[in-house]
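Engineer: My questions will all concern the structure given below.
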Amino acid sequence: MFNDKVIDHFMNPHNAGDMENPDAEGTIGSPVCGDIMQIFLKIEDNIIKDVKFKTFGCGSAIASSSVATDMIKGKSIEDALKITNKDVVDELGGLPSQKVHCSVLSEQAIKTAIYNYAKKHNLEFEGLKGFNPDYDPHEHHDE
Amino acid sequence: MFNDKVIDHFMNPHNAGDMENPDAEGTIGSPVCGDIMQIFLKIEDNIIKDVKFKTFGCGSAIASSSVATDMIKGKSIEDALKITNKDVVDELGGLPSQKVHCSVLSEQAIKTAIYNYAKKHNLEFEGLKGFNPDYDPHEHHDE
Amino acid sequence: MKEVYLDYSATTPVKKEVLDAMLPFFINSYGNPSSLYKKGREAKAAISDARKKIADLIGASEREIIFTSSGTEADNWAVKGAAYGNSHKGNHIITTKIEHHALLHTCEFLADNGFEITYLDVDQYGMINLEDLKNAIKENTILVSIMLVNNEIGTIQPIKEIGKITRNHGILFHTDAVQALGNIEINVDDMNIDLLSISSHKIYGPKGIGALYINKKIKIPNFIHGGAQEYQKRAGTENVPGIVGFGKAAELAKENLAEHIEKLTHLRNYFVDTILEKIEEVTLNGHPQKRHPGNINMTFSYVEGETMLLYLDVQGISASSGSACSSSSFQASHVLKAIGIPLENALSSVRFTIGDFTTKEDLDYVIDTIVTIVNKYRKISPFYKEKKG
Amino acid sequence: MKEVYLDYSATTPVKKEVLDAMLPFFINSYGNPSSLYKKGREAKAAISDARKKIADLIGASEREIIFTSSGTEADNWAVKGAAYGNSHKGNHIITTKIEHHALLHTCEFLADNGFEITYLDVDQYGMINLEDLKNAIKENTILVSIMLVNNEIGTIQPIKEIGKITRNHGILFHTDAVQALGNIEINVDDMNIDLLSISSHKIYGPKGIGALYINKKIKIPNFIHGGAQEYQKRAGTENVPGIVGFGKAAELAKENLAEHIEKLTHLRNYFVDTILEKIEEVTLNGHPQKRHPGNINMTFSYVEGETMLLYLDVQGISASSGSACSSSSFQASHVLKAIGIPLENALSSVRFTIGDFTTKEDLDYVIDTIVTIVNKYRKISPFYKEKKG
Ligand SMILES: Cc1ncc(COP(=O)(O)O)c(C=O)c1O
Ligand SMILES: Cc1ncc(COP(=O)(O)O)c(C=O)c1O
């Protein structure tokens with residue numbers, strides 16, 4: 001069902017755990033959907049210096065978060081915002097179709113964290129245009 | 001399903017075939033029921049000297065006729081009339097329950113032949129009391 | 001003693017390759033295909049593979065094949081499903097007088113529940129008349145169900161033409177292809193079929209598994225409700241070894257189809273010709289050409305069928321009086337009646353069906369035995385008068 | 001890699017003795033049981049023998065066992081049959097909120113077709129309340145269907161008492177005993193049961209075969225129409241190897257019942273006690289005593305169930321999130337919801353089911369793996385706050 005890379009990221013997720021005093025934080029999902037995702041960011045000069053995630057979610061959600069957090073670490077906020085759900089899935093080498101929606105969760109959690117950061121600091125990012133932090137990934141990716 | 005004695009009588013039936021100038025003849029059943037049985041008798045001094053049968057019927061009907069004709073050969077008419085369907089089945093060593101009705105056919109054919117003989121010669125036999133030549137064995141032995 | 005099995009239309013032995021394909025799924029890969037772990041995924045993949053092979057054999061696509069427990073269940077589902085799923089449009093169903101009991105008794109059930117059934121007549125060969133069909137179609141007709149190959153006399157119906165008529169009228173068309181599968185070419189698209197029933201144990205696969213082809217353009221309500229198996233169309237833990245066996249049997253059937261048909265046709269003709277040459281007053285029932293390649297249904301006048309079957313059985317030969325499921329009560333077959341055979345002749349008819357393991361030697365043995373039987377029991381038949389000279 | 005199968009309630013491997021009993025019926029004794037010749041009679045005798053063994057296991061008589069293709073088909077037949085067969089008397093059916101989907105979806109179908117269904121609540125252990133049942137019975141109640149053993153949490157219902165109530169009211173009583181068979185004592189007469197569903201693949205028999213017990217005093221209409229098989233109650237060529245395998249499995253289950261229950265109970269208790277000792281904030285779901293001897297359903301708070309199952313799978317361990325047939329969509333189980341478990345906990349629950357091939361070593365390996373998983377994923381759970389000190 002899952003390829004080795006997915007399994008590896010699932011079993012040994014990168015950037016998982018807590019962060020003391022994050023500069024930005026985003027939470028998405030709810031236990032009602034069966035999964036919840038939190039992202040913590042350290043941001044310096046518009047660069048994502050560090051990232052951590054926590055999740056109560058399935059293996060695909062964990063693996064996606066592991067890869068997605070790797071991908072944004074060290075990037076500028078604008079560049080991080082350019083990373084799509086599809087990029088994450090590609091980086092993982094593919095997910096079963098009924099699991100693709102789980103990868104949306106990490107993308108959305110990152111955007112939410114940056115959205116909160118932007119709000120707090122009164123910033124605007126091109127990549128956040130049209131972003132709605134109350135978006136529910138489950139409604140759009142049902143089979 | 002069938003014991004060896006039944007199979008043996010079925011495959012090598014005794015007293016099967018035609019008879020020239022029989023003294024008595026009885027036919028029972030009809031192709032509508034799937035079987036028909038004919039009995040021919042030579043009778044001398046109330047003794048059944050010879051007997052033949054013909055049938056379009058199943059294996060059990062053939063085996064029963066083979067045994068029944070053996071049983072009446074050489075007997076007086078009154079003694080022959082005493083032979084019941086059960087005696088025939090016993091002599092065969094048993095028949096499957098759904099096949100017992102086939103053995104009734106030979107008993108009834110013999111009685112019919114004697115009935116016809118009695119009528120022709122104006123005789124009366126104790127063993128024919130209550131006998132109805134239009135009796136249909138299939139109506140009474142259905143499963 | 002020699003044993004000759006000539007009842008391939010009743011059921012077939014499982015081919016060794018088929019059993020070999022099934023064996024891993026009993027003790028090792030025994031997982032429930034709905035389970036997410038490895039053993040479950042193995043089972044699921046095996047089902048998908050089998051489904052493809054079966055789809056291939058009839059020119060369907062994988063998602064159009066839904067496994068059932070038998071041809072009978074497929075017939076029940078197709079006909080009841082089409083009936084109840086379209087009861088808002090009408091309540092009239094057209095079928096024939098020569099269908100298998102799985103179809104006829106399902107129709108009787110529907111007739112008891114407010115549906116109206118027309119049973120088409122057939123000619124002396126067992127063929128329906130396309131004009132009769134056209135005339136039978138009414139405003140409220142919702143389903144036509146006509147079998148592809150008859151199980152007793154082997155007659156093949158003009159399915160493609162029937163399908164054209166039903167498509168023109170926008171009526172669903174089901175065909176019972178249980179006897180056709182693996183014995184004639186089937187292509188569901190070319191034949192304009194909406195629903196088609198098949199069964200594994202007639203093509204050298206295991207018993208207890210069948211399938212219903214449901215054209216992807218149509219929908220019928222479920223028959224067995226429960227878990228989400230079979231694209232949520234038929235509930236119940238999948239019979240994995242059975243499905244795998246059916247798949248393998250279908251694969252072999254596709255590979256061998258031309259050869260199989262040729263071999264059976266050849267043996268069948270040899271048998272029929274030899275019998276007709278050696279015995280008088282014998283007739284072949286069913287269509288002379290348009291018939292199942294392995295089917296021989298003959299009337300041996302004056303000899304009762306059950307007598308013949310019993311004698312054959314004692315000699316190690318398996319044959320039947322028509323459909324296996326009614327053979328415990330020897331009655332005149334509804335099919336022989338429908339083709340107009342008089343009752344005595346119907347009761348004097350026996351079906352021999354040839355299959356992949358039949359040899360010419362087998363047939364010679366059977367022919368000799370038949371000659372013996374006919375001679376023996378005609379002599380003691382009240383109807384028979386020997387033709388002298 | 002080590003492989004440990006702990007999903008015996010989803011399905012079981014076929015025991016070697018069972019497969020050995022089945023094998024002759026594929027390639028040699030392949031006759032159609034309806035056929036009159038030797039090969040047919042052999043198959044018929046084998047079916048009768050299997051039927052006796054299954055009847056023996058539940059205290060029934062031979063004629064009361066009718067083979068079906070699965071537990072699901074038996075459930076469908078029992079409930080639809082009882083419903084339509086008694087629709088002149090009423091249209092009300094009582095069942096529970098924790099039935100298998102085979103039952104629930106059948107009831108939904110009936111609800112769509114004019115029947116009225118009452119779903120009884122259960123307490124925190126999954127037990128129904130007999131007073132609730134009595135209060136639910138109305139003038140128009142025609143059927144009570146309550147499962148014997150729940151498949152997710154293992155709870156055993158007070159079937160005998162339920163049967164007393166239904167008998168007093170002259171209402172038919174069906175029980176889904178698919179999980180109970182071979183795992184607890186069953187006696188249909190003692191338990192006042194009218195209809196009972198069972199399935200072979202849960203007791204080390206093959207998939208694709210089940211049975212419905214129909215008390216000889218009652219009659220329900222047929223579900224699958226066609227040939228005269230199964231005392232004319234269920235049509236379709238019999239799955240002879242499947243039936244023979246089911247029979248053998250039933251024979252073994254009867255012989256080993258006491259030992260089986262003892263062994264499973266012992267291993268189950270060891271597993272539960274060790275887990276509870278090693279991991280905090282874990283609970284056992286279902287009834288503490290009145291439960292299936294091999295069933296372990298536990299909530300590992302803060303760890304998502306599918307994560308746990310995937311990790312276990314990678315380590316060669318097969319377990320499930322409840323009923324196999326819904327596990328392709330990980331949703332909170334209707335059973336856990338019915339016993340009042342909050343959603344997050346329901347999503348953190350996993351079912352392990354122990355069987356005849358499970359060893360203590362297997363369980364130690366699984367326990368160690370679970371400890372690793374829980375430690376690892378609780379750390380990254382947004383809900384979890386480690387208790388310090
Ligand atoms: C309680 C219960 N009922 C019914 C079924 C369905 O039985 P089957 O898998 O034979 O269709 C199952 C198992 O899947 C079950 O656990
Ligand atoms: C034409 C036809 N339809 C349906 C069936 C029933 O199929 P199954 O034996 O798989 O129930 C048969 C064979 O028994 C058949 O010959």
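Residues are named by chain letter and number: chains run A, B, ... in the order of the structure tokens, numbers start at 1 in each chain, and ligands are numbered from 1 in the order shown.
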Compute the set of protein, DNA and RNA residues whose minimum atom distance to ligand 1 is at most 7 Å, using only C-alpha atoms and all ligand atoms, and state it as a ChimeraX atom specification.
Structural biologist: /C:235-237 /D:9-10,70-73,99-100,102,147,149-151,176-179,199-201,208-210,323-325
Engineer: What are the closest atom pairs, with distances in Å to one decimal, for each residue of chain D lying within 12 Å of ligand 2, using only C-alpha atoms and all ligand atoms, rows by chain and rising residue number, as JSON lines?
Structural biologist:
```
{"residue": "D:Gly31", "atom": "CA", "partner": "ligand 2", "partner_atom_place_in_ligand_line": "9 (O)", "distance": 11.9}
{"residue": "D:Asn32", "atom": "CA", "partner": "ligand 2", "partner_atom_place_in_ligand_line": "9 (O)", "distance": 8.8}
{"residue": "D:Pro33", "atom": "CA", "partner": "ligand 2", "partner_atom_place_in_ligand_line": "9 (O)", "distance": 10.7}
{"residue": "D:Ser34", "atom": "CA", "partner": "ligand 2", "partner_atom_place_in_ligand_line": "14 (O)", "distance": 9.8}
{"residue": "D:Ser35", "atom": "CA", "partner": "ligand 2", "partner_atom_place_in_ligand_line": "14 (O)", "distance": 11.1}
{"residue": "D:Thr68", "atom": "CA", "partner": "ligand 2", "partner_atom_place_in_ligand_line": "11 (O)", "distance": 11.9}
{"residue": "D:Ser69", "atom": "CA", "partner": "ligand 2", "partner_atom_place_in_ligand_line": "11 (O)", "distance": 11.4}
{"residue": "D:Ile224", "atom": "CA", "partner": "ligand 2", "partner_atom_place_in_ligand_line": "11 (O)", "distance": 9.7}
{"residue": "D:His225", "atom": "CA", "partner": "ligand 2", "partner_atom_place_in_ligand_line": "11 (O)", "distance": 9.8}
{"residue": "D:Gly226", "atom": "CA", "partner": "ligand 2", "partner_atom_place_in_ligand_line": "6 (C)", "distance": 7.8}
{"residue": "D:Gly227", "atom": "CA", "partner": "ligand 2", "partner_atom_place_in_ligand_line": "14 (O)", "distance": 7.8}
{"residue": "D:Ala228", "atom": "CA", "partner": "ligand 2", "partner_atom_place_in_ligand_line": "14 (O)", "distance": 10.8}
{"residue": "D:Gln229", "atom": "CA", "partner": "ligand 2", "partner_atom_place_in_ligand_line": "11 (O)", "distance": 9.7}
{"residue": "D:Arg234", "atom": "CA", "partner": "ligand 2", "partner_atom_place_in_ligand_line": "11 (O)", "distance": 10.1}
{"residue": "D:Ala235", "atom": "CA", "partner": "ligand 2", "partner_atom_place_in_ligand_line": "11 (O)", "distance": 6.8}
{"residue": "D:Gly236", "atom": "CA", "partner": "ligand 2", "partner_atom_place_in_ligand_line": "11 (O)", "distance": 3.4}
{"residue": "D:Thr237", "atom": "CA", "partner": "ligand 2", "partner_atom_place_in_ligand_line": "9 (O)", "distance": 3.9}
{"residue": "D:Glu238", "atom": "CA", "partner": "ligand 2", "partner_atom_place_in_ligand_line": "9 (O)", "distance": 7.4}
{"residue": "D:Asn239", "atom": "CA", "partner": "ligand 2", "partner_atom_place_in_ligand_line": "10 (O)", "distance": 9.1}
{"residue": "D:Val240", "atom": "CA", "partner": "ligand 2", "partner_atom_place_in_ligand_line": "9 (O)", "distance": 11.5}
```
Engineer: Neighbouring residues of Met71 of chain A were defined as those with any atom within 10 Å, considering only C-alpha atoms; residues of the same chain fewer than 5 positions away were excluded. Please report them as a list of chain:residue names.
Structural biologist: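 Contacts, in chain order: A:Ser65, A:Ser66, A:Asp79, A:Ala80, A:Ile83, A:Asp87, A:Val88, A:Glu91.
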Engineer: Just the strand (DSSP E) stuff from segment 7-88 of chain A, please, per backbone DSSP, written as an NGL selection string.
Structural biologist: :A and (24-30 or 35-44 or 47-56)
Engineer: When DSSP works through the backbone of this structure, what residues of segment 37-144 of chain D end up as alpha helix (DSSP H), shown as a PyMOL selection string?
Structural biologist: chain D and resi 38-58+71-85+101-112+130-136
Engineer: For Phe2 of chain B, which residue among B:Val67, B:Leu92, B:Met37, B:Ala24 is the nearest when counting only C-alpha atoms?
Structural biologist: B:Leu92
Engineer: Find the residues of chain A in contact range of chain D, meaning any atom within 9 Å when counting only C-alpha atoms, and list them as a PyMOL selection string.
Structural biologist: chain A and resi 7+10-11+16-18+31-38+53-60+62+98
Engineer: With N, CA and C atoms retained, write the just-selected residues as a PDB file, in the first residue's frame.
Structural biologist:
```
ATOM      1  N   ILE A   7       6.783   4.893   4.545  1.00  0.00           N
ATOM      2  CA  ILE A   7       6.904   4.111   5.782  1.00  0.00           C
ATOM      3  C   ILE A   7       8.036   4.658   6.645  1.00  0.00           C
ATOM      4  N   PHE A  10       7.033   7.849   8.189  1.00  0.00           N
ATOM      5  CA  PHE A  10       6.003   7.571   9.188  1.00  0.00           C
ATOM      6  C   PHE A  10       6.624   7.030  10.475  1.00  0.00           C
ATOM      7  N   MET A  11       7.568   6.123  10.321  1.00  0.00           N
ATOM      8  CA  MET A  11       8.122   5.476  11.513  1.00  0.00           C
ATOM      9  C   MET A  11       9.180   6.323  12.207  1.00  0.00           C
ATOM     10  N   ALA A  16       9.386  16.175  14.421  1.00  0.00           N
ATOM     11  CA  ALA A  16       8.186  15.922  15.219  1.00  0.00           C
ATOM     12  C   ALA A  16       8.443  16.296  16.667  1.00  0.00           C
ATOM     13  N   GLY A  17       7.443  16.864  17.312  1.00  0.00           N
ATOM     14  CA  GLY A  17       7.547  17.147  18.749  1.00  0.00           C
ATOM     15  C   GLY A  17       7.224  18.585  19.079  1.00  0.00           C
ATOM     16  N   ASP A  18       7.625  18.961  20.298  1.00  0.00           N
ATOM     17  CA  ASP A  18       7.296  20.296  20.806  1.00  0.00           C
ATOM     18  C   ASP A  18       8.342  21.335  20.407  1.00  0.00           C
ATOM     19  N   PRO A  31     -10.637  16.558  16.124  1.00  0.00           N
ATOM     20  CA  PRO A  31     -10.784  15.112  16.381  1.00  0.00           C
ATOM     21  C   PRO A  31     -12.023  14.544  15.701  1.00  0.00           C
ATOM     22  N   VAL A  32     -12.986  15.401  15.386  1.00  0.00           N
ATOM     23  CA  VAL A  32     -14.191  14.918  14.722  1.00  0.00           C
ATOM     24  C   VAL A  32     -13.861  14.329  13.348  1.00  0.00           C
ATOM     25  N   CYS A  33     -12.860  14.889  12.717  1.00  0.00           N
ATOM     26  CA  CYS A  33     -12.454  14.356  11.406  1.00  0.00           C
ATOM     27  C   CYS A  33     -11.495  13.176  11.567  1.00  0.00           C
ATOM     28  N   GLY A  34     -11.085  12.933  12.781  1.00  0.00           N
ATOM     29  CA  GLY A  34     -10.164  11.820  12.983  1.00  0.00           C
ATOM     30  C   GLY A  34      -8.722  12.254  12.978  1.00  0.00           C
ATOM     31  N   ASP A  35      -8.441  13.498  12.674  1.00  0.00           N
ATOM     32  CA  ASP A  35      -7.042  13.912  12.738  1.00  0.00           C
ATOM     33  C   ASP A  35      -6.908  15.394  13.013  1.00  0.00           C
ATOM     34  N   ILE A  36      -5.818  15.736  13.631  1.00  0.00           N
ATOM     35  CA  ILE A  36      -5.533  17.121  13.994  1.00  0.00           C
ATOM     36  C   ILE A  36      -4.035  17.314  13.804  1.00  0.00           C
ATOM     37  N   MET A  37      -3.657  18.516  13.333  1.00  0.00           N
ATOM     38  CA  MET A  37      -2.252  18.763  13.015  1.00  0.00           C
ATOM     39  C   MET A  37      -1.847  20.123  13.569  1.00  0.00           C
ATOM     40  N   GLN A  38      -0.687  20.150  14.231  1.00  0.00           N
ATOM     41  CA  GLN A  38      -0.156  21.416  14.751  1.00  0.00           C
ATOM     42  C   GLN A  38       1.213  21.655  14.142  1.00  0.00           C
ATOM     43  N   PHE A  53       6.253  19.657  14.252  1.00  0.00           N
ATOM     44  CA  PHE A  53       4.812  19.375  14.136  1.00  0.00           C
ATOM     45  C   PHE A  53       4.404  18.348  15.178  1.00  0.00           C
ATOM     46  N   LYS A  54       3.143  18.414  15.510  1.00  0.00           N
ATOM     47  CA  LYS A  54       2.527  17.370  16.329  1.00  0.00           C
ATOM     48  C   LYS A  54       1.228  16.975  15.629  1.00  0.00           C
ATOM     49  N   THR A  55       0.886  15.706  15.733  1.00  0.00           N
ATOM     50  CA  THR A  55      -0.351  15.289  15.076  1.00  0.00           C
ATOM     51  C   THR A  55      -1.000  14.105  15.767  1.00  0.00           C
ATOM     52  N   PHE A  56      -2.303  14.092  15.690  1.00  0.00           N
ATOM     53  CA  PHE A  56      -3.092  12.902  15.985  1.00  0.00           C
ATOM     54  C   PHE A  56      -3.730  12.589  14.644  1.00  0.00           C
ATOM     55  N   GLY A  57      -3.040  11.744  13.893  1.00  0.00           N
ATOM     56  CA  GLY A  57      -3.513  11.506  12.538  1.00  0.00           C
ATOM     57  C   GLY A  57      -2.941  10.206  12.024  1.00  0.00           C
ATOM     58  N   CYS A  58      -3.347   9.852  10.839  1.00  0.00           N
ATOM     59  CA  CYS A  58      -2.945   8.560  10.314  1.00  0.00           C
ATOM     60  C   CYS A  58      -1.511   8.602   9.809  1.00  0.00           C
ATOM     61  N   GLY A  59      -1.008   7.469   9.419  1.00  0.00           N
ATOM     62  CA  GLY A  59       0.371   7.345   8.961  1.00  0.00           C
ATOM     63  C   GLY A  59       0.695   8.275   7.814  1.00  0.00           C
ATOM     64  N   SER A  60      -0.227   8.451   6.884  1.00  0.00           N
ATOM     65  CA  SER A  60       0.033   9.316   5.736  1.00  0.00           C
ATOM     66  C   SER A  60       0.156  10.767   6.177  1.00  0.00           C
ATOM     67  N   ILE A  62       1.256  11.754   9.069  1.00  0.00           N
ATOM     68  CA  ILE A  62       2.556  11.884   9.738  1.00  0.00           C
ATOM     69  C   ILE A  62       3.681  11.967   8.711  1.00  0.00           C
ATOM     70  N   GLN A  98      -6.782   7.109  -1.901  1.00  0.00           N
ATOM     71  CA  GLN A  98      -7.692   7.415  -0.790  1.00  0.00           C
ATOM     72  C   GLN A  98      -6.968   8.049   0.397  1.00  0.00           C
TER      73      GLN A  98
END
```
Engineer: Which residue, D:Leu23, D:Ile58, D:Val371, D:Ile142, has the smallest gap to chain C when you use only C-alpha atoms?
Structural biologist: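 When distances to chain C are compared using only C-alpha atoms, the smallest one comes from D:Leu23.
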Engineer: Write out as a list of chain:residue names each polymer residue whose atoms come within 8 Å of Val335 of chain C, counting only C-alpha atoms; drop sequence neighbours fewer than 6 positions from it.
Structural biologist: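 These residues fall inside the cut-off: C:Lys97, C:Ile98, C:Glu99, C:Gly126, C:Glu152, C:Ile153.
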Engineer: Which polymer residues have any atom within 8 Å of an atom of Asn3 of chain B, counting only C-alpha atoms, with same-chain residues fewer than 4 positions away left out, as a PyMOL selection string?
Structural biologist: chain B and resi 7+93-95
Engineer: Only N, CA, C and O atoms, please: the residues just picked out, written as a PDB file, in the first residue's frame.
Structural biologist:
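selection_20.pdb written:
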```pdb
ATOM      1  N   ILE B   7     -30.030 -54.259  -7.787  1.00  0.00           N
ATOM      2  CA  ILE B   7     -29.282 -54.016  -9.026  1.00  0.00           C
ATOM      3  C   ILE B   7     -29.283 -55.266  -9.900  1.00  0.00           C
ATOM      4  O   ILE B   7     -29.469 -55.201 -11.121  1.00  0.00           O
ATOM      5  N   GLY B  93     -34.697 -56.874  -0.202  1.00  0.00           N
ATOM      6  CA  GLY B  93     -33.731 -56.376   0.780  1.00  0.00           C
ATOM      7  C   GLY B  93     -33.833 -54.871   0.966  1.00  0.00           C
ATOM      8  O   GLY B  93     -32.888 -54.217   1.414  1.00  0.00           O
ATOM      9  N   GLY B  94     -34.992 -54.298   0.602  1.00  0.00           N
ATOM     10  CA  GLY B  94     -35.208 -52.867   0.853  1.00  0.00           C
ATOM     11  C   GLY B  94     -35.028 -51.999  -0.382  1.00  0.00           C
ATOM     12  O   GLY B  94     -34.280 -52.338  -1.293  1.00  0.00           O
ATOM     13  N   LEU B  95     -35.774 -50.903  -0.385  1.00  0.00           N
ATOM     14  CA  LEU B  95     -35.668 -49.898  -1.455  1.00  0.00           C
ATOM     15  C   LEU B  95     -35.557 -48.524  -0.784  1.00  0.00           C
ATOM     16  O   LEU B  95     -36.059 -48.340   0.325  1.00  0.00           O
TER      17      LEU B  95
END
```
Engineer: Do you know which residues are at most 8 Å from segment 255-262 of chain C counting only C-alpha atoms, after dropping those on the same chain fewer than 4 positions away, and could you put them as a list in words?
Structural biologist: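 What passes the distance filter is Gly182, Asn183, Ile184, Glu185, Glu251, His266, Pro293 and Asp356 of chain C.
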Engineer: Go ahead and save the residues from that selection, with N, CA, C and O atoms, as a short mmCIF file (atom, residue, chain, number, x, y, z; two decimals), in the first residue's frame.
Structural biologist:
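Writing done, so here's result_37.cif:
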```cif
data_model
loop_
_atom_site.label_atom_id
_atom_site.label_comp_id
_atom_site.auth_asym_id
_atom_site.auth_seq_id
_atom_site.Cartn_x
_atom_site.Cartn_y
_atom_site.Cartn_z
N GLY C 182 -17.08 -20.15 -21.43
CA GLY C 182 -16.03 -21.11 -21.73
C GLY C 182 -16.39 -22.10 -22.81
O GLY C 182 -15.58 -22.96 -23.15
N ASN C 183 -17.61 -22.01 -23.34
CA ASN C 183 -18.03 -22.94 -24.37
C ASN C 183 -18.40 -22.28 -25.69
O ASN C 183 -18.45 -22.95 -26.72
N ILE C 184 -18.67 -21.00 -25.62
CA ILE C 184 -18.83 -20.22 -26.86
C ILE C 184 -18.19 -18.85 -26.60
O ILE C 184 -17.97 -18.47 -25.45
N GLU C 185 -17.91 -18.11 -27.65
CA GLU C 185 -17.37 -16.75 -27.52
C GLU C 185 -18.44 -15.86 -26.89
O GLU C 185 -19.59 -15.87 -27.29
N GLU C 251 -9.04 -17.82 -16.94
CA GLU C 251 -7.83 -17.61 -17.73
C GLU C 251 -7.59 -18.81 -18.66
O GLU C 251 -7.35 -18.65 -19.86
N HIS C 266 -15.96 -32.08 -32.23
CA HIS C 266 -15.54 -33.28 -32.92
C HIS C 266 -16.03 -34.54 -32.19
O HIS C 266 -16.66 -35.43 -32.78
N PRO C 293 -21.05 -26.94 -27.73
CA PRO C 293 -20.23 -27.94 -28.42
C PRO C 293 -20.20 -29.30 -27.72
O PRO C 293 -19.93 -30.32 -28.37
N ASP C 356 -13.43 -31.38 -21.22
CA ASP C 356 -12.02 -31.39 -21.59
C ASP C 356 -11.30 -32.70 -21.32
O ASP C 356 -10.24 -32.96 -21.89
#
```
